[in-house]
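Participant: Contents of my_file22.cif (mmCIF, C-alpha atoms and all ligand atoms):
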data_query
loop_
_atom_site.group_PDB
_atom_site.id
_atom_site.type_symbol
_atom_site.label_atom_id
_atom_site.label_comp_id
_atom_site.auth_asym_id
_atom_site.auth_seq_id
_atom_site.Cartn_x
_atom_site.Cartn_y
_atom_site.Cartn_z
ATOM 1 C CA MET C 33 -13.892 -5.572 2.122
ATOM 2 C CA GLU C 34 -16.218 -3.687 4.444
ATOM 3 C CA PRO C 35 -14.653 -0.554 5.990
ATOM 4 C CA VAL C 36 -12.270 -1.459 8.823
ATOM 5 C CA VAL C 37 -11.916 0.943 11.745
ATOM 6 C CA THR C 38 -8.564 0.948 13.548
ATOM 7 C CA GLN C 39 -7.387 3.113 16.425
ATOM 8 C CA ARG C 40 -6.896 6.218 14.246
ATOM 9 C CA LEU C 41 -8.008 5.264 10.749
ATOM 10 C CA ILE C 42 -10.710 3.819 8.574
ATOM 11 C CA ILE C 43 -9.536 1.619 5.715
ATOM 12 C CA ARG C 44 -12.323 1.855 3.195
ATOM 13 C CA ARG C 45 -13.170 1.755 -0.493
ATOM 14 C CA LEU C 46 -12.126 4.773 -2.540
ATOM 15 C CA ALA C 47 -14.925 7.197 -3.394
ATOM 16 C CA GLU C 48 -15.288 9.800 -6.112
ATOM 17 C CA THR C 49 -15.364 12.436 -3.339
ATOM 18 C CA ASP C 50 -11.714 11.576 -2.531
ATOM 19 C CA LEU C 51 -10.582 13.275 -5.741
ATOM 20 C CA LEU C 52 -8.694 16.255 -4.300
ATOM 21 C CA ASP C 53 -7.047 14.304 -1.480
ATOM 22 C CA PHE C 54 -6.162 11.485 -3.891
ATOM 23 C CA ILE C 55 -4.476 13.899 -6.319
ATOM 24 C CA ALA C 56 -2.729 15.677 -3.440
ATOM 25 C CA CYS C 57 -1.227 12.347 -2.312
ATOM 26 C CA ARG C 58 -0.199 11.151 -5.785
ATOM 27 C CA THR C 59 1.313 14.428 -7.004
ATOM 28 C CA HIS C 60 3.155 15.648 -3.918
ATOM 29 C CA PRO C 61 6.762 16.466 -4.943
ATOM 30 C CA ASP C 62 8.154 14.157 -2.230
ATOM 31 C CA VAL C 63 6.054 11.243 -3.472
ATOM 32 C CA LEU C 64 6.512 11.681 -7.232
ATOM 33 C CA PRO C 65 9.965 10.046 -7.408
ATOM 34 C CA CYS C 66 8.393 6.836 -6.025
ATOM 35 C CA MET C 67 5.545 6.760 -8.544
ATOM 36 C CA LEU C 68 5.488 4.703 -11.716
ATOM 37 C CA GLU C 69 3.332 7.276 -13.473
ATOM 38 C CA GLU C 70 5.205 9.651 -15.690
ATOM 39 C CA PRO C 71 4.055 12.378 -16.072
ATOM 40 C CA PRO C 72 2.065 12.747 -12.801
ATOM 41 C CA ILE C 73 -1.561 11.636 -12.767
ATOM 42 C CA THR C 74 -4.023 14.103 -14.314
ATOM 43 C CA GLU C 75 -7.370 15.076 -12.830
ATOM 44 C CA GLU C 76 -9.160 13.248 -15.654
ATOM 45 C CA ILE C 77 -7.277 9.988 -15.099
ATOM 46 C CA ALA C 78 -7.723 10.298 -11.321
ATOM 47 C CA GLN C 79 -11.475 10.777 -11.776
ATOM 48 C CA ARG C 80 -11.698 7.687 -13.981
ATOM 49 C CA PHE C 81 -9.618 5.645 -11.538
ATOM 50 C CA LEU C 82 -11.805 6.634 -8.565
ATOM 51 C CA ALA C 83 -15.034 5.972 -10.459
ATOM 52 C CA HIS C 84 -13.752 2.500 -11.382
ATOM 53 C CA GLN C 85 -12.492 1.705 -7.871
ATOM 54 C CA ALA C 86 -15.753 2.836 -6.263
ATOM 55 C CA VAL C 87 -17.726 0.073 -8.004
ATOM 56 C CA LEU C 88 -15.017 -2.558 -8.464
ATOM 57 C CA GLU C 89 -15.867 -6.048 -7.266
ATOM 58 C CA ILE C 90 -13.005 -8.415 -6.694
ATOM 59 C CA GLY C 91 -14.187 -11.901 -7.407
ATOM 60 C CA ASP C 92 -12.290 -15.144 -7.141
ATOM 61 C CA GLU C 93 -9.970 -14.425 -10.011
ATOM 62 C CA ARG C 94 -7.075 -11.997 -10.266
ATOM 63 C CA GLY C 95 -7.548 -8.296 -9.674
ATOM 64 C CA SER C 96 -6.170 -5.218 -8.037
ATOM 65 C CA ILE C 97 -7.916 -2.978 -5.570
ATOM 66 C CA THR C 98 -6.880 0.231 -3.843
ATOM 67 C CA PHE C 99 -8.294 1.279 -0.468
ATOM 68 C CA ALA C 100 -8.317 4.749 1.041
ATOM 69 C CA ILE C 101 -6.505 5.402 4.306
ATOM 70 C CA HIS C 102 -9.003 7.719 5.982
ATOM 71 C CA HIS C 103 -7.853 9.759 8.982
ATOM 72 C CA ILE C 104 -10.684 9.758 11.530
ATOM 73 C CA ASP C 105 -9.881 12.999 13.373
ATOM 74 C CA ASP C 106 -9.087 14.983 10.224
ATOM 75 C CA ALA C 107 -11.996 13.360 8.332
ATOM 76 C CA LYS C 108 -10.060 12.940 5.090
ATOM 77 C CA MET C 109 -8.156 10.522 2.935
ATOM 78 C CA ILE C 110 -4.422 10.697 3.762
ATOM 79 C CA GLY C 111 -3.093 7.869 1.623
ATOM 80 C CA GLU C 112 -3.790 4.534 0.017
ATOM 81 C CA VAL C 113 -3.007 0.853 0.351
ATOM 82 C CA ASN C 114 -3.506 -1.606 -2.467
ATOM 83 C CA ILE C 115 -3.531 -5.318 -3.010
ATOM 84 C CA HIS C 116 -3.024 -7.117 -6.281
ATOM 85 C CA LEU C 117 -4.388 -10.650 -6.259
ATOM 86 C CA LEU C 118 -2.762 -13.121 -8.606
ATOM 87 C CA PRO C 119 -4.744 -16.036 -10.104
ATOM 88 C CA LYS C 120 -6.563 -17.918 -7.363
ATOM 89 C CA GLN C 121 -4.632 -21.156 -7.704
ATOM 90 C CA GLN C 122 -1.455 -19.312 -6.750
ATOM 91 C CA SER C 123 -2.973 -17.880 -3.523
ATOM 92 C CA HIS C 124 -0.614 -14.960 -3.817
ATOM 93 C CA GLY C 125 -1.099 -11.223 -3.393
ATOM 94 C CA GLU C 126 1.129 -8.180 -3.736
ATOM 95 C CA ILE C 127 0.639 -5.123 -1.557
ATOM 96 C CA GLY C 128 1.700 -1.486 -1.772
ATOM 97 C CA TRP C 129 1.158 1.845 -0.010
ATOM 98 C CA LEU C 130 1.437 5.588 -0.190
ATOM 99 C CA LEU C 131 0.962 8.244 2.477
ATOM 100 C CA HIS C 132 0.729 11.987 2.048
ATOM 101 C CA PRO C 133 4.029 13.351 3.452
ATOM 102 C CA ASP C 134 2.154 15.474 6.038
ATOM 103 C CA TYR C 135 1.051 12.206 7.635
ATOM 104 C CA GLN C 136 4.262 10.174 7.401
ATOM 105 C CA GLY C 137 6.327 9.178 10.432
ATOM 106 C CA ARG C 138 3.370 8.475 12.728
ATOM 107 C CA GLY C 139 2.702 4.809 12.090
ATOM 108 C CA TYR C 140 -0.358 5.259 9.866
ATOM 109 C CA ALA C 141 1.015 3.181 6.972
ATOM 110 C CA THR C 142 1.821 0.312 9.344
ATOM 111 C CA GLU C 143 -1.696 0.497 10.833
ATOM 112 C CA ALA C 144 -3.249 0.445 7.344
ATOM 113 C CA ALA C 145 -0.984 -2.280 5.966
ATOM 114 C CA GLN C 146 -1.854 -4.544 8.897
ATOM 115 C CA VAL C 147 -5.515 -4.304 7.860
ATOM 116 C CA LEU C 148 -4.539 -5.315 4.341
ATOM 117 C CA LEU C 149 -2.541 -8.321 5.588
ATOM 118 C CA THR C 150 -5.562 -9.445 7.614
ATOM 119 C CA TYR C 151 -7.761 -9.019 4.531
ATOM 120 C CA GLY C 152 -5.319 -11.025 2.417
ATOM 121 C CA PHE C 153 -4.603 -13.849 4.833
ATOM 122 C CA ALA C 154 -7.791 -14.154 6.914
ATOM 123 C CA HIS C 155 -10.455 -13.221 4.360
ATOM 124 C CA ARG C 156 -8.847 -14.063 1.030
ATOM 125 C CA LYS C 157 -7.064 -17.108 2.453
ATOM 126 C CA LEU C 158 -3.858 -16.196 0.635
ATOM 127 C CA HIS C 159 -0.798 -18.347 1.164
ATOM 128 C CA ARG C 160 1.764 -15.662 0.442
ATOM 129 C CA ILE C 161 1.887 -11.862 0.277
ATOM 130 C CA THR C 162 4.790 -10.005 -1.291
ATOM 131 C CA SER C 163 5.834 -6.406 -1.709
ATOM 132 C CA MET C 164 8.546 -4.793 -3.811
ATOM 133 C CA CYS C 165 10.331 -1.495 -3.528
ATOM 134 C CA ASP C 166 13.246 0.447 -4.900
ATOM 135 C CA THR C 167 16.363 -0.468 -2.906
ATOM 136 C CA ARG C 168 16.783 3.232 -2.000
ATOM 137 C CA ASN C 169 13.277 3.498 -0.521
ATOM 138 C CA THR C 170 14.296 3.182 3.126
ATOM 139 C CA ALA C 171 10.867 4.169 4.521
ATOM 140 C CA SER C 172 9.194 1.378 2.567
ATOM 141 C CA ILE C 173 11.906 -1.110 3.564
ATOM 142 C CA ARG C 174 11.417 -0.244 7.262
ATOM 143 C CA LEU C 175 7.649 -0.593 6.831
ATOM 144 C CA MET C 176 7.940 -4.072 5.294
ATOM 145 C CA GLU C 177 10.274 -5.166 8.093
ATOM 146 C CA ARG C 178 7.929 -3.741 10.773
ATOM 147 C CA LEU C 179 5.175 -5.869 9.224
ATOM 148 C CA GLY C 180 7.348 -8.964 9.648
ATOM 149 C CA MET C 181 8.067 -9.410 5.960
ATOM 150 C CA ARG C 182 11.327 -11.128 4.968
ATOM 151 C CA ARG C 183 13.667 -9.839 2.297
ATOM 152 C CA GLU C 184 13.801 -12.623 -0.298
ATOM 153 C CA GLY C 185 15.799 -11.043 -3.023
ATOM 154 C CA HIS C 186 17.636 -8.163 -4.595
ATOM 155 C CA LEU C 187 16.489 -7.724 -8.177
ATOM 156 C CA LYS C 188 19.078 -6.001 -10.334
ATOM 157 C CA GLN C 189 17.826 -3.279 -12.666
ATOM 158 C CA SER C 190 14.320 -4.744 -12.592
ATOM 159 C CA ASN C 191 12.335 -1.532 -12.893
ATOM 160 C CA PHE C 192 12.676 1.238 -15.473
ATOM 161 C CA MET C 193 11.637 4.380 -13.630
ATOM 162 C CA GLN C 194 12.355 8.074 -13.902
ATOM 163 C CA GLY C 195 14.469 7.408 -16.997
ATOM 164 C CA ALA C 196 16.818 4.801 -15.527
ATOM 165 C CA TRP C 197 16.982 1.155 -14.485
ATOM 166 C CA GLN C 198 16.491 0.738 -10.720
ATOM 167 C CA ASP C 199 17.206 -2.182 -8.404
ATOM 168 C CA GLU C 200 14.371 -3.517 -6.260
ATOM 169 C CA TYR C 201 14.017 -5.638 -3.141
ATOM 170 C CA ILE C 202 11.293 -8.236 -2.881
ATOM 171 C CA TYR C 203 9.854 -8.982 0.553
ATOM 172 C CA ALA C 204 7.375 -11.723 1.473
ATOM 173 C CA LEU C 205 5.248 -13.044 4.305
ATOM 174 C CA LEU C 206 3.587 -16.464 4.428
ATOM 175 C CA SER C 207 0.216 -17.049 6.069
ATOM 176 C CA ASP C 208 1.803 -19.244 8.768
ATOM 177 C CA GLU C 209 4.327 -16.535 9.597
ATOM 178 C CA TRP C 210 1.553 -13.955 9.780
ATOM 179 C CA LEU C 211 -0.576 -16.228 12.019
ATOM 180 C CA LEU C 212 2.329 -16.728 14.402
ATOM 181 C CA ARG C 213 2.716 -12.957 14.742
ATOM 182 C CA GLN C 214 -0.978 -12.618 15.671
ATOM 183 C CA THR C 215 -0.506 -14.791 18.740
ATOM 184 C CA VAL C 216 2.577 -13.044 20.241
HETATM 185 C C1 LIG H 1 6.439 4.110 2.350
HETATM 186 C C2 LIG H 1 5.644 5.040 3.252
HETATM 187 C C3 LIG H 1 4.164 4.734 3.143
HETATM 188 C C4 LIG H 1 6.125 4.824 4.689
HETATM 189 O O1 LIG H 1 5.520 5.800 5.518
HETATM 190 P P1 LIG H 1 5.974 5.973 7.024
HETATM 191 O O2 LIG H 1 5.256 7.151 7.568
HETATM 192 O O3 LIG H 1 7.445 5.914 7.146
HETATM 193 O O4 LIG H 1 5.418 4.667 7.735
HETATM 194 P P2 LIG H 1 4.431 4.615 8.977
HETATM 195 O O5 LIG H 1 3.255 5.498 8.726
HETATM 196 O O6 LIG H 1 4.180 3.202 9.280
HETATM 197 O O7 LIG H 1 5.258 5.314 10.122
HETATM 198 C C5 LIG H 1 6.332 4.649 10.706
HETATM 199 C C6 LIG H 1 7.283 5.635 11.305
HETATM 200 O O8 LIG H 1 6.599 6.476 12.239
HETATM 201 C C7 LIG H 1 7.192 6.360 13.520
HETATM 202 N N1 LIG H 1 6.106 6.558 14.492
HETATM 203 C C8 LIG H 1 5.856 7.735 15.142
HETATM 204 N N2 LIG H 1 4.765 7.622 15.889
HETATM 205 C C9 LIG H 1 4.296 6.361 15.742
HETATM 206 C C10 LIG H 1 3.187 5.670 16.281
HETATM 207 N N3 LIG H 1 2.318 6.253 17.118
HETATM 208 N N4 LIG H 1 2.993 4.380 15.924
HETATM 209 C C11 LIG H 1 3.863 3.771 15.080
HETATM 210 N N5 LIG H 1 4.939 4.398 14.525
HETATM 211 C C12 LIG H 1 5.143 5.695 14.856
HETATM 212 C C13 LIG H 1 7.866 5.016 13.513
HETATM 213 O O9 LIG H 1 8.915 4.941 14.455
HETATM 214 C C14 LIG H 1 8.384 4.952 12.088
HETATM 215 O O10 LIG H 1 9.531 5.729 11.929
HETATM 216 P P3 LIG H 1 10.900 5.073 11.323
HETATM 217 O O11 LIG H 1 10.565 4.415 10.025
HETATM 218 O O12 LIG H 1 11.779 6.253 11.188
HETATM 219 O O13 LIG H 1 11.335 4.093 12.350
HETATM 220 C C15 LIG H 1 5.913 6.527 2.865
HETATM 221 O O14 LIG H 1 7.281 6.799 2.974
HETATM 222 C C16 LIG H 1 5.436 6.885 1.461
HETATM 223 O O15 LIG H 1 4.259 7.096 1.222
HETATM 224 N N6 LIG H 1 6.386 6.975 0.529
HETATM 225 C C17 LIG H 1 6.052 7.384 -0.858
HETATM 226 C C18 LIG H 1 5.330 6.300 -1.599
HETATM 227 C C19 LIG H 1 6.143 5.030 -1.665
HETATM 228 O O16 LIG H 1 7.350 5.063 -1.661
HETATM 229 N N7 LIG H 1 5.432 3.901 -1.720
HETATM 230 C C20 LIG H 1 6.068 2.624 -1.857
HETATM 231 C C21 LIG H 1 6.426 2.370 -3.281
HETATM 232 S S1 LIG H 1 7.242 0.803 -3.396
#
For this file, produce the structure as structure tokens.
Facilitator:
Amino acid sequence: MEPVVTQRLIIRRLAETDLLDFIACRTHPDVLPCMLEEPPITEEIAQRFLAHQAVLEIGDERGSITFAIHHIDDAKMIGEVNIHLLPKQQSHGEIGWLLHPDYQGRGYATEAAQVLLTYGFAHRKLHRITSMCDTRNTASIRLMERLGMRREGHLKQSNFMQGAWQDEYIYALLSDEWLLRQTV
């Protein structure tokens, strides 16, 4: 995906120069409880991840890619959105997000996620995009609902995180539903 410029953001490929902002986002104490990584990401792993993402090509087969949410006025990375593409014949992608807490509550995640939905449906021609979150993650639930995603299920104890089994919700949006929202 070429960089996409929105009203306040650029959604672009991650770069090795994002290292400090990337670590700041992933290791903030308010964000850590939502992260799968235990213990928190190290500088070495972050460096390797960014180096890999900077050159990653997503072909026709399955793959996962993370984009930087770049704040135009502050000229820095403030979060990330990612899409995981399942095997092509399934035409299915999963999306996720993370914003540095200093930038939450201003609509940036919604703005970035809309770019990702357009990438998935319009460019990748996906049939279905899903997202999952812990049932206690109210900010993520509100975000999925703002994007027009439907709650399709409540998964009991589906994720072992922070030393305990957690319930998750699964939300989904179909390409037809997304298209309809583009015309209203
Ligand atoms: C999930 C997460 C990205 C949501 O961030 P967020 O800031 O709530 O979402 P947005 O950036 O879209 O902001 C929307 C909020 O800003 C408000 N807002 C303020 N100004 C706004 C504007 N100009 N435009 C749009 N919304 C605005 C909205 O009303 C909304 O508030 P509400 O949810 O209380 O109604 C964030 O909580 C996060 O990073 N959490 C940690 C990581 C995580 O949990 N990831 C998901 C794992 S499954």
Participant: Kindly compile the residues surrounding ligand LIG 1 (chain H) within 8 Å, counting all atoms listed in the file, and format them as a compact mmCIF listing (two decimals) with C-alpha atoms, in the frame of the given file.
Facilitator:
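Listed below is the output, out.txt:
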# COMPACT_ATOMS: atom_id res chain seq x y z
CA ASP C 62 8.15 14.16 -2.23
CA VAL C 63 6.05 11.24 -3.47
CA LEU C 64 6.51 11.68 -7.23
CA CYS C 66 8.39 6.84 -6.02
CA MET C 67 5.54 6.76 -8.54
CA GLY C 111 -3.09 7.87 1.62
CA GLY C 128 1.70 -1.49 -1.77
CA TRP C 129 1.16 1.84 -0.01
CA LEU C 130 1.44 5.59 -0.19
CA LEU C 131 0.96 8.24 2.48
CA HIS C 132 0.73 11.99 2.05
CA PRO C 133 4.03 13.35 3.45
CA TYR C 135 1.05 12.21 7.64
CA GLN C 136 4.26 10.17 7.40
CA GLY C 137 6.33 9.18 10.43
CA ARG C 138 3.37 8.48 12.73
CA GLY C 139 2.70 4.81 12.09
CA TYR C 140 -0.36 5.26 9.87
CA ALA C 141 1.01 3.18 6.97
CA THR C 142 1.82 0.31 9.34
CA GLU C 143 -1.70 0.50 10.83
CA SER C 163 5.83 -6.41 -1.71
CA MET C 164 8.55 -4.79 -3.81
CA CYS C 165 10.33 -1.50 -3.53
CA ASP C 166 13.25 0.45 -4.90
CA ASN C 169 13.28 3.50 -0.52
CA THR C 170 14.30 3.18 3.13
CA ALA C 171 10.87 4.17 4.52
CA SER C 172 9.19 1.38 2.57
CA ILE C 173 11.91 -1.11 3.56
CA ARG C 174 11.42 -0.24 7.26
CA LEU C 175 7.65 -0.59 6.83
Participant: Starting from the PyMOL selection byres (((chain C and resi 41) around 9) and not hetatm), expand the selection into actual residues of this file and give them as a list in words.
Facilitator: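 So the PyMOL selection byres (((chain C and resi 41) around 9) and not hetatm) ends up selecting Val36, Val37, Thr38, Gln39, Arg40, Ile42, Ile43, Ile101, His102, His103, Ile104, Asp105, Tyr140, Glu143 and Ala144 of chain C.
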Participant: Report as JSON, numbers by chain all protein, DNA and RNA residues lying within 8 Å of Leu117 in chain C, evaluated on all atoms listed in the file, omitting residues in the same chain fewer than 6 positions from it.
Facilitator: {"C": [93, 94, 95, 96, 123, 124, 125, 126]}
Participant: In terms of the shortest atom-to-atom distance over all atoms listed in the file, which of C:Pro65, C:Pro71, C:Pro119, C:Gly152 is closest to Gln198 in chain C?
Facilitator: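 Ranked by minimum distance to Gln198 in chain C, first place goes to C:Pro65.
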Participant: Please provide the set of residues having any atom within 12 Å of Ile77 in chain C, restricted to only C-alpha atoms, with same-chain residues fewer than 5 positions apart removed, written as a PDB file with C-alpha atoms, in the frame of the given file.
Facilitator:
ATOM      1  CA  LEU C  51     -10.582  13.275  -5.741  1.00  0.00           C
ATOM      2  CA  PHE C  54      -6.162  11.485  -3.891  1.00  0.00           C
ATOM      3  CA  ILE C  55      -4.476  13.899  -6.319  1.00  0.00           C
ATOM      4  CA  ARG C  58      -0.199  11.151  -5.785  1.00  0.00           C
ATOM      5  CA  GLU C  69       3.332   7.276 -13.473  1.00  0.00           C
ATOM      6  CA  PRO C  71       4.055  12.378 -16.072  1.00  0.00           C
ATOM      7  CA  PRO C  72       2.065  12.747 -12.801  1.00  0.00           C
ATOM      8  CA  LEU C  82     -11.805   6.634  -8.565  1.00  0.00           C
ATOM      9  CA  ALA C  83     -15.034   5.972 -10.459  1.00  0.00           C
ATOM     10  CA  HIS C  84     -13.752   2.500 -11.382  1.00  0.00           C
TER      11      HIS C  84
END
Participant: Smallest atom-to-atom distance to Ile73 in chain C: which of C:Thr59, C:Asn114, C:Gln194, C:Gln122, using all atoms listed in the file?
Facilitator: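 Checking each candidate against Ile73 in chain C, we get C:Thr59 as the closest.
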Participant: With all atoms listed in the file as the basis for distance, which of C:Leu205, C:Arg183, C:Val147, C:Asp199 is at the shortest distance from Glu112 in chain C?
Facilitator: C:Val147
Participant: What is the CA of Leu187 in chain C-CA of Glu200 in chain C distance in Å, reported with one decimal?
Facilitator: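 Between CA of Leu187 in chain C and CA of Glu200 in chain C the gap is 5.1 Å.
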Participant: Please report the interatomic distance between CA of Arg156 in chain C and CA of Glu34 in chain C in Å with one decimal.
Facilitator: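 Taking CA of Arg156 in chain C and CA of Glu34 in chain C, their separation equals 13.2 Å.
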Participant: Any idea what the distance is between CA of Asp106 in chain C and CA of Ala86 in chain C?
Facilitator: 21.5 Å
Participant: Got a sec to check which residues sit within 9 Å of (-13.3, -8.2, -2.1), counting all atoms listed in the file, and write them as a list in words?
Facilitator: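 Residues with an atom close enough to that point: Met33, Glu34, Leu88, Glu89, Ile90, Gly91, Asp92, Ile97, Tyr151, His155 and Arg156 of chain C.
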Participant: Go through the shown structure with the PyMOL selection byres (((chain C and resi 203) around 6) and not hetatm) and write out the matching residues as a list in words.
Facilitator: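 For this structure, the PyMOL selection byres (((chain C and resi 203) around 6) and not hetatm) captures Thr162, Ser163, Met181, Arg182, Arg183, Glu184, Ile202 and Ala204 of chain C.
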Participant: Assuming the chain letters and numbering stay as they are in my file, what does the PyMOL selection byres (((chain C and resi 159) around 7) and not hetatm) actually select? List them as a VMD selection string.
Facilitator: chain C and resid 123 to 124 153 157 to 158 160 206 to 207
Participant: First collect every listed atom of range 164-171 of chain C; then fit an axis-aligned box around them, widen it by 8 Å on each side, and give centre and edge lengths in Å to one decimal, as lines of an AutoDock Vina configuration file.
Facilitator:
center_x = 12.7
center_y = -0.3
center_z = -0.2
size_x = 24.2
size_y = 25.0
size_z = 25.4
